[in-house]
Structure formats: structure tokens, C-alpha cells
Amino acid sequence: MAIRGILTDTDPALRKVCRPVVNFDRRLWDLLDDLKETLAKANGAGLAAPQIGILRRAVIVMDDEDQMLELVNPELVWTRGEQDGFEGCLSVPGRWGKVKRPMRARVKAQDRMGNWFEAEGEEIVARCFCHELEHLDGHLFIDHTDRLYTNEEMEQLLEEE
Ligand code: NI
């Protein structure tokens, strides 16, 4: 296991469509372990393989019990409702934006052995499912917002609330 460097928003790798995972082998397990270790170090809510420069469809999402969910070849099954809130990304450090997302989302994915399963999330977990899955198609949250806020502006907004 190793902590990997996280690519930031001008890196072209973040704009690529990732390829499906086909081999559920040691290389995939190392990738998933590295993603988890890197995410834990960065104290984030989720991390996608392209963010560490690996163009494969694999992401990690923190669930509502703070467990790291491994999602390989994930797809949205359905989404319900809507939420509007601030979002950030480890690949867009120090910037935040208001993004509309579904309030609930259900995904299907494979685990590290290749077995399909489904998982559901609400609020921040639903937001994270949508955010991480779109990384696999080369999209970033900044594509959905006109205005980015700095850390200082965010702090000020939170104080005003
Ligand atoms: Ni992100």
C-alpha cells in the first residue's frame, strides 16, 4: 500500500473517460488499497482512480457509517429528489461551489472479487456517489457551478449562517 499524489484540476488525466476494470486481481487490489490509504490521509469523503492517475473505473466513497465503500465499475441505478449545497474535491483544493445533486441515489458496482452488489445513499453520501462516479467520465464539480468560493469565503458564509 502506498499514499499516492492527487492530481489537480488542470491535469488532463482528470478529463479522460476511464476504462472498465476487467481483471479482479492483485493489481486492482493494490489500486483500491492505495485509493483508501490516500483518501484517509487526505481526510476526504471520496476518491476516484483517475485522481491518482489511473484511468480505470474504480472509486472509494465514505458511507454514512464512515466505512470506505469500494465501488468497481459503478453505475447509478436511480436517483430521487434534489439537494443544493456546497461541494469540494481533493483535485480542486481550496475551492468550493454550490452544486445541485439528487437527495438519494442507488448505485450498483462490483466488489474487489468481481461480485455485483447495490448500495444506497442519502444527502452527503448520495452527493458523493454522483461526484465520484462522474470523475470516471472526466467530469468535475466545477463543471456544474458558475461561482467558486475560496476557503476564506466559505468560512465567512458559514459564520453568517
Ligand atoms: Ni472529486
# chains A, B, ... in the order shown; residues from 1 in each chain; ligands from 1
>>> select_by_dssp(residues="segment 5-144 of chain A", states="alpha helix (DSSP H)", output="MDAnalysis selection string")
chainID A and resid 26:42 124:135
>>> closest_atom_pairs(of="chain A", to="ligand 1", cutoff="6 Å", atoms="only C-alpha atoms and all ligand atoms", output="CSV")
residue,atom,partner,partner_atom_place_in_ligand_line,distance
A:Cys89,CA,ligand 1,1 (Ni),3.9
A:Leu90,CA,ligand 1,1 (Ni),5.6
A:Ser91,CA,ligand 1,1 (Ni),5.9
A:Glu132,CA,ligand 1,1 (Ni),5.9
>>> residues_around(residues="Trp116 of chain A", least_positions_apart="2", cutoff="12 Å", atoms="only C-alpha atoms", output="PyMOL selection string")
chain A and resi 70-75+107-114+118-119
>>> atom_distance(atom1="atom CA of Trp96 of chain A", atom2="atom CA of Lys41 of chain A")
20.0 Å
>>> atom_distance(atom1="atom CA of Ala45 of chain A", atom2="atom CA of Ala2 of chain A")
18.6 Å
>>> closest_residue(among="A:Cys18, A:Leu47, A:Ile60, A:Ile52", to="Gly88 of chain A", atoms="only C-alpha atoms")
A:Leu47
>>> closest_residue(among="A:Asp84, A:Glu159, A:Gly44, A:Ala58", to="Trp29 of chain A", atoms="only C-alpha atoms")
A:Ala58
>>> atom_distance(atom1="atom CA of Val21 of chain A", atom2="atom CA of Ala40 of chain A")
22.9 Å
>>> select_by_dssp(residues="segment 73-116 of chain A", states="strand (DSSP E)", output="number ranges by chain")
A: 73-80, 83-87, 95-101, 104-110, 116
>>> write_last_selection(atoms="N, CA, C and O atoms", output="short mmCIF file (atom, residue, chain, number, x, y, z; two decimals), in the first residue's frame")
data_model
loop_
_atom_site.label_atom_id
_atom_site.label_comp_id
_atom_site.auth_asym_id
_atom_site.auth_seq_id
_atom_site.Cartn_x
_atom_site.Cartn_y
_atom_site.Cartn_z
N ASN A 73 -16.42 -0.47 -11.34
CA ASN A 73 -17.36 -0.35 -12.46
C ASN A 73 -18.74 0.12 -12.00
O ASN A 73 -19.78 -0.44 -12.40
N PRO A 74 -18.79 1.17 -11.17
CA PRO A 74 -20.07 1.60 -10.60
C PRO A 74 -20.97 2.29 -11.63
O PRO A 74 -20.48 2.93 -12.58
N GLU A 75 -22.29 2.11 -11.43
CA GLU A 75 -23.29 2.78 -12.25
C GLU A 75 -24.42 3.24 -11.36
O GLU A 75 -24.76 2.54 -10.39
N LEU A 76 -25.03 4.38 -11.70
CA LEU A 76 -26.22 4.82 -10.97
C LEU A 76 -27.39 3.95 -11.40
O LEU A 76 -27.60 3.73 -12.60
N VAL A 77 -28.15 3.43 -10.44
CA VAL A 77 -29.36 2.66 -10.74
C VAL A 77 -30.55 3.61 -10.81
O VAL A 77 -31.34 3.56 -11.74
N TRP A 78 -30.69 4.46 -9.78
CA TRP A 78 -31.69 5.54 -9.81
C TRP A 78 -31.27 6.65 -8.88
O TRP A 78 -30.42 6.47 -8.00
N THR A 79 -31.91 7.81 -9.09
CA THR A 79 -31.73 8.94 -8.17
C THR A 79 -33.12 9.50 -7.86
O THR A 79 -34.03 9.39 -8.68
N ARG A 80 -33.27 10.09 -6.66
CA ARG A 80 -34.55 10.68 -6.26
C ARG A 80 -34.30 12.02 -5.57
O ARG A 80 -33.34 12.16 -4.83
N GLN A 83 -30.97 18.11 -3.84
CA GLN A 83 -30.38 18.91 -2.78
C GLN A 83 -29.45 19.92 -3.44
O GLN A 83 -28.92 19.68 -4.52
N ASP A 84 -29.28 21.04 -2.76
CA ASP A 84 -28.42 22.10 -3.26
C ASP A 84 -27.45 22.42 -2.14
O ASP A 84 -27.87 22.74 -1.03
N GLY A 85 -26.18 22.28 -2.39
CA GLY A 85 -25.24 22.53 -1.29
C GLY A 85 -23.82 22.67 -1.79
O GLY A 85 -23.53 22.45 -2.98
N PHE A 86 -22.95 23.02 -0.87
CA PHE A 86 -21.55 23.22 -1.23
C PHE A 86 -20.82 21.90 -1.38
O PHE A 86 -21.08 20.94 -0.66
N GLU A 87 -19.92 21.91 -2.32
CA GLU A 87 -19.17 20.70 -2.64
C GLU A 87 -17.71 21.09 -2.92
O GLU A 87 -17.43 22.17 -3.42
N ARG A 95 -11.09 25.27 -3.08
CA ARG A 95 -12.21 25.91 -3.77
C ARG A 95 -13.48 25.11 -3.57
O ARG A 95 -13.44 23.87 -3.49
N TRP A 96 -14.59 25.81 -3.47
CA TRP A 96 -15.89 25.21 -3.16
C TRP A 96 -16.94 25.79 -4.09
O TRP A 96 -16.83 26.93 -4.53
N GLY A 97 -17.96 25.00 -4.39
CA GLY A 97 -19.02 25.50 -5.25
C GLY A 97 -20.36 24.91 -4.86
O GLY A 97 -20.43 23.82 -4.29
N LYS A 98 -21.43 25.65 -5.17
CA LYS A 98 -22.77 25.17 -4.88
C LYS A 98 -23.23 24.31 -6.05
O LYS A 98 -23.23 24.78 -7.19
N VAL A 99 -23.58 23.06 -5.77
CA VAL A 99 -23.95 22.13 -6.83
C VAL A 99 -25.24 21.40 -6.46
O VAL A 99 -25.38 20.92 -5.34
N LYS A 100 -26.17 21.34 -7.42
CA LYS A 100 -27.41 20.57 -7.23
C LYS A 100 -27.12 19.10 -7.46
O LYS A 100 -26.51 18.73 -8.46
N ARG A 101 -27.57 18.27 -6.54
CA ARG A 101 -27.42 16.81 -6.67
C ARG A 101 -28.71 16.15 -6.22
O ARG A 101 -29.50 16.76 -5.52
N ARG A 104 -31.24 11.33 -2.94
CA ARG A 104 -30.94 9.90 -2.72
C ARG A 104 -30.42 9.31 -4.02
O ARG A 104 -30.82 9.72 -5.11
N ALA A 105 -29.58 8.32 -3.88
CA ALA A 105 -29.05 7.65 -5.06
C ALA A 105 -28.77 6.19 -4.74
O ALA A 105 -28.38 5.84 -3.61
N ARG A 106 -29.03 5.34 -5.72
CA ARG A 106 -28.68 3.92 -5.58
C ARG A 106 -27.69 3.58 -6.68
O ARG A 106 -27.89 3.92 -7.85
N VAL A 107 -26.61 2.90 -6.30
CA VAL A 107 -25.61 2.51 -7.29
C VAL A 107 -25.47 0.99 -7.30
O VAL A 107 -25.76 0.31 -6.31
N LYS A 108 -25.06 0.47 -8.45
CA LYS A 108 -24.62 -0.92 -8.48
C LYS A 108 -23.15 -0.92 -8.87
O LYS A 108 -22.69 -0.04 -9.62
N ALA A 109 -22.43 -1.87 -8.33
CA ALA A 109 -20.98 -1.90 -8.57
C ALA A 109 -20.50 -3.32 -8.31
O ALA A 109 -21.22 -4.15 -7.76
N GLN A 110 -19.25 -3.56 -8.69
CA GLN A 110 -18.61 -4.82 -8.34
C GLN A 110 -17.66 -4.61 -7.16
O GLN A 110 -17.10 -3.51 -7.00
N TRP A 116 -21.22 -8.44 -8.07
CA TRP A 116 -22.07 -7.25 -8.15
C TRP A 116 -22.84 -7.08 -6.85
O TRP A 116 -23.28 -8.07 -6.24
#
>>> residues_around(residues="Leu31 of chain A", least_positions_apart="3", cutoff="10 Å", atoms="only C-alpha atoms", output="PyMOL selection string")
chain A and resi 1-2+4+26-28+34-37+49+52+54+56+58-59
>>> write_last_selection(atoms="all heavy atoms", output="short mmCIF file (atom, residue, chain, number, x, y, z; two decimals), in the first residue's frame")
data_model
loop_
_atom_site.label_atom_id
_atom_site.label_comp_id
_atom_site.auth_asym_id
_atom_site.auth_seq_id
_atom_site.Cartn_x
_atom_site.Cartn_y
_atom_site.Cartn_z
N MET A 1 0.84 -1.20 0.00
CA MET A 1 0.00 0.00 0.00
C MET A 1 0.87 1.24 0.00
O MET A 1 1.96 1.26 0.56
CB MET A 1 -0.89 0.04 1.26
CG MET A 1 -1.86 -1.12 1.33
SD MET A 1 -3.48 -0.61 1.88
CE MET A 1 -3.14 -0.12 3.57
N ALA A 2 0.34 2.27 -0.63
CA ALA A 2 1.12 3.50 -0.73
C ALA A 2 0.19 4.69 -0.83
O ALA A 2 -0.91 4.57 -1.39
CB ALA A 2 2.03 3.44 -1.94
N ARG A 4 -0.64 7.93 -2.65
CA ARG A 4 -0.34 8.45 -3.99
C ARG A 4 -0.57 9.96 -4.01
O ARG A 4 -1.36 10.49 -3.24
CB ARG A 4 -1.27 7.81 -5.02
CG ARG A 4 -1.28 6.30 -5.00
CD ARG A 4 -0.08 5.71 -5.73
NE ARG A 4 -0.42 4.35 -6.10
CZ ARG A 4 -0.78 3.97 -7.34
NH1 ARG A 4 -0.82 4.85 -8.32
NH2 ARG A 4 -1.09 2.72 -7.59
N ARG A 26 -4.52 -8.87 -8.18
CA ARG A 26 -3.64 -8.14 -7.25
C ARG A 26 -3.48 -6.67 -7.64
O ARG A 26 -3.43 -5.80 -6.79
CB ARG A 26 -2.29 -8.88 -7.21
CG ARG A 26 -1.17 -8.18 -6.49
CD ARG A 26 -1.43 -7.94 -5.02
NE ARG A 26 -1.67 -9.15 -4.27
CZ ARG A 26 -2.11 -9.17 -3.00
NH1 ARG A 26 -2.37 -8.03 -2.37
NH2 ARG A 26 -2.31 -10.32 -2.39
N ARG A 27 -3.40 -6.40 -8.94
CA ARG A 27 -3.21 -5.01 -9.37
C ARG A 27 -4.40 -4.14 -8.97
O ARG A 27 -4.24 -3.00 -8.55
CB ARG A 27 -3.02 -4.94 -10.89
CG ARG A 27 -1.56 -5.03 -11.30
CD ARG A 27 -1.39 -4.91 -12.79
NE ARG A 27 -1.49 -3.53 -13.26
CZ ARG A 27 -1.43 -3.18 -14.53
NH1 ARG A 27 -1.30 -4.09 -15.46
NH2 ARG A 27 -1.50 -1.92 -14.88
N LEU A 28 -5.62 -4.70 -9.12
CA LEU A 28 -6.82 -3.96 -8.71
C LEU A 28 -6.82 -3.78 -7.19
O LEU A 28 -7.13 -2.70 -6.68
CB LEU A 28 -8.08 -4.71 -9.15
CG LEU A 28 -9.39 -4.12 -8.60
CD1 LEU A 28 -9.67 -2.73 -9.17
CD2 LEU A 28 -10.57 -5.05 -8.86
N ASP A 34 -4.47 1.54 -2.30
CA ASP A 34 -3.81 2.84 -2.42
C ASP A 34 -4.82 3.98 -2.37
O ASP A 34 -4.58 5.02 -1.75
CB ASP A 34 -3.01 2.93 -3.73
CG ASP A 34 -1.72 2.12 -3.67
OD1 ASP A 34 -1.44 1.51 -2.61
OD2 ASP A 34 -1.00 2.07 -4.69
N LEU A 35 -5.97 3.78 -3.05
CA LEU A 35 -7.02 4.81 -3.02
C LEU A 35 -7.49 5.05 -1.59
O LEU A 35 -7.66 6.19 -1.16
CB LEU A 35 -8.22 4.37 -3.89
CG LEU A 35 -8.07 4.53 -5.40
CD1 LEU A 35 -9.22 3.83 -6.13
CD2 LEU A 35 -8.05 6.02 -5.80
N LYS A 36 -7.67 3.94 -0.84
CA LYS A 36 -8.17 4.07 0.53
C LYS A 36 -7.14 4.76 1.42
O LYS A 36 -7.49 5.62 2.23
CB LYS A 36 -8.52 2.68 1.09
CG LYS A 36 -9.81 2.15 0.46
CD LYS A 36 -9.94 0.66 0.60
CE LYS A 36 -10.62 0.24 1.86
NZ LYS A 36 -10.98 -1.20 1.79
N GLU A 37 -5.89 4.39 1.25
CA GLU A 37 -4.85 4.99 2.08
C GLU A 37 -4.69 6.48 1.76
O GLU A 37 -4.53 7.32 2.65
CB GLU A 37 -3.52 4.25 1.88
CG GLU A 37 -2.57 4.46 3.02
CD GLU A 37 -1.29 3.64 2.92
OE1 GLU A 37 -1.26 2.68 2.12
OE2 GLU A 37 -0.33 3.99 3.61
N ALA A 49 -10.17 6.66 -9.01
CA ALA A 49 -8.87 6.23 -9.55
C ALA A 49 -8.20 7.28 -10.45
O ALA A 49 -6.98 7.48 -10.34
CB ALA A 49 -9.04 4.90 -10.29
N ILE A 52 -5.69 9.71 -8.99
CA ILE A 52 -4.29 9.34 -8.74
C ILE A 52 -3.64 8.86 -10.05
O ILE A 52 -2.63 8.16 -10.04
CB ILE A 52 -4.14 8.30 -7.60
CG1 ILE A 52 -4.87 6.99 -7.90
CG2 ILE A 52 -4.62 8.89 -6.28
CD1 ILE A 52 -4.49 5.84 -6.94
N ILE A 54 -4.85 6.85 -12.49
CA ILE A 54 -5.17 5.52 -13.02
C ILE A 54 -6.53 5.60 -13.71
O ILE A 54 -7.55 5.82 -13.05
CB ILE A 54 -5.21 4.46 -11.89
CG1 ILE A 54 -3.92 4.48 -11.06
CG2 ILE A 54 -5.50 3.07 -12.48
CD1 ILE A 54 -2.66 4.07 -11.81
N ARG A 56 -9.03 3.89 -14.67
CA ARG A 56 -9.89 2.71 -14.51
C ARG A 56 -11.10 3.08 -13.68
O ARG A 56 -11.03 3.95 -12.81
CB ARG A 56 -9.12 1.58 -13.82
CG ARG A 56 -8.07 0.94 -14.70
CD ARG A 56 -8.69 0.04 -15.75
NE ARG A 56 -7.66 -0.48 -16.65
CZ ARG A 56 -7.94 -1.26 -17.69
NH1 ARG A 56 -9.19 -1.59 -17.97
NH2 ARG A 56 -6.97 -1.70 -18.46
N ALA A 58 -12.91 2.79 -10.93
CA ALA A 58 -12.91 2.38 -9.53
C ALA A 58 -12.92 3.63 -8.65
O ALA A 58 -12.18 4.58 -8.93
CB ALA A 58 -11.69 1.53 -9.22
N VAL A 59 -13.78 3.62 -7.63
CA VAL A 59 -13.84 4.75 -6.70
C VAL A 59 -14.02 4.23 -5.27
O VAL A 59 -14.45 3.09 -5.05
CB VAL A 59 -15.02 5.73 -7.01
CG1 VAL A 59 -14.98 6.20 -8.44
CG2 VAL A 59 -16.37 5.11 -6.68
#
>>> closest_residue(among="A:Met62, A:Val92, A:Leu157, A:Leu32", to="Leu7 of chain A", atoms="only C-alpha atoms")
A:Val92
>>> decode(residues="segment 55-78 of chain A", atoms="N, CA, C and O atoms", output="short mmCIF file (atom, residue, chain, number, x, y, z; two decimals), in the first residue's frame")
data_model
loop_
_atom_site.label_atom_id
_atom_site.label_comp_id
_atom_site.auth_asym_id
_atom_site.auth_seq_id
_atom_site.Cartn_x
_atom_site.Cartn_y
_atom_site.Cartn_z
N LEU A 55 -6.54 5.40 -15.03
CA LEU A 55 -7.78 5.62 -15.79
C LEU A 55 -8.63 4.35 -15.85
O LEU A 55 -8.92 3.81 -16.92
N ARG A 56 -9.03 3.89 -14.67
CA ARG A 56 -9.89 2.71 -14.51
C ARG A 56 -11.10 3.08 -13.68
O ARG A 56 -11.03 3.95 -12.81
N ARG A 57 -12.22 2.34 -13.93
CA ARG A 57 -13.47 2.70 -13.27
C ARG A 57 -13.53 2.10 -11.87
O ARG A 57 -14.12 1.03 -11.65
N ALA A 58 -12.91 2.79 -10.93
CA ALA A 58 -12.91 2.38 -9.53
C ALA A 58 -12.92 3.63 -8.65
O ALA A 58 -12.18 4.58 -8.93
N VAL A 59 -13.78 3.62 -7.63
CA VAL A 59 -13.84 4.75 -6.70
C VAL A 59 -14.02 4.23 -5.27
O VAL A 59 -14.45 3.09 -5.05
N ILE A 60 -13.68 5.10 -4.32
CA ILE A 60 -13.96 4.85 -2.91
C ILE A 60 -14.90 5.94 -2.43
O ILE A 60 -14.68 7.12 -2.73
N VAL A 61 -15.95 5.55 -1.70
CA VAL A 61 -16.89 6.52 -1.12
C VAL A 61 -17.03 6.22 0.37
O VAL A 61 -17.19 5.06 0.76
N MET A 62 -16.98 7.27 1.20
CA MET A 62 -17.25 7.10 2.62
C MET A 62 -18.76 6.98 2.81
O MET A 62 -19.50 7.86 2.38
N ASP A 63 -19.21 5.90 3.46
CA ASP A 63 -20.66 5.77 3.66
C ASP A 63 -21.07 6.48 4.96
O ASP A 63 -20.25 7.13 5.60
N ASP A 64 -22.36 6.36 5.32
CA ASP A 64 -22.84 7.13 6.47
C ASP A 64 -22.35 6.56 7.81
O ASP A 64 -22.62 7.12 8.87
N GLU A 65 -21.63 5.46 7.77
CA GLU A 65 -21.01 4.94 8.99
C GLU A 65 -19.49 5.10 8.94
O GLU A 65 -18.77 4.42 9.68
N ASP A 66 -19.04 6.00 8.04
CA ASP A 66 -17.60 6.28 7.88
C ASP A 66 -16.80 5.05 7.47
O ASP A 66 -15.61 4.94 7.79
N GLN A 67 -17.46 4.14 6.78
CA GLN A 67 -16.76 2.99 6.21
C GLN A 67 -16.42 3.34 4.75
O GLN A 67 -17.19 4.01 4.08
N MET A 68 -15.28 2.85 4.30
CA MET A 68 -14.90 3.10 2.92
C MET A 68 -15.47 2.02 2.01
O MET A 68 -15.13 0.85 2.13
N LEU A 69 -16.37 2.47 1.13
CA LEU A 69 -17.03 1.56 0.20
C LEU A 69 -16.19 1.49 -1.08
O LEU A 69 -15.89 2.52 -1.68
N GLU A 70 -15.83 0.28 -1.48
CA GLU A 70 -15.10 0.10 -2.73
C GLU A 70 -16.10 -0.15 -3.85
O GLU A 70 -16.87 -1.10 -3.78
N LEU A 71 -16.09 0.70 -4.87
CA LEU A 71 -17.02 0.55 -5.99
C LEU A 71 -16.22 0.38 -7.28
O LEU A 71 -15.54 1.31 -7.72
N VAL A 72 -16.34 -0.80 -7.88
CA VAL A 72 -15.65 -1.09 -9.13
C VAL A 72 -16.69 -1.15 -10.25
O VAL A 72 -17.74 -1.78 -10.07
N ASN A 73 -16.42 -0.47 -11.34
CA ASN A 73 -17.36 -0.35 -12.46
C ASN A 73 -18.74 0.12 -12.00
O ASN A 73 -19.78 -0.44 -12.40
N PRO A 74 -18.79 1.17 -11.17
CA PRO A 74 -20.07 1.60 -10.60
C PRO A 74 -20.97 2.29 -11.63
O PRO A 74 -20.48 2.93 -12.58
N GLU A 75 -22.29 2.11 -11.43
CA GLU A 75 -23.29 2.78 -12.25
C GLU A 75 -24.42 3.24 -11.36
O GLU A 75 -24.76 2.54 -10.39
N LEU A 76 -25.03 4.38 -11.70
CA LEU A 76 -26.22 4.82 -10.97
C LEU A 76 -27.39 3.95 -11.40
O LEU A 76 -27.60 3.73 -12.60
N VAL A 77 -28.15 3.43 -10.44
CA VAL A 77 -29.36 2.66 -10.74
C VAL A 77 -30.55 3.61 -10.81
O VAL A 77 -31.34 3.56 -11.74
N TRP A 78 -30.69 4.46 -9.78
CA TRP A 78 -31.69 5.54 -9.81
C TRP A 78 -31.27 6.65 -8.88
O TRP A 78 -30.42 6.47 -8.00
#
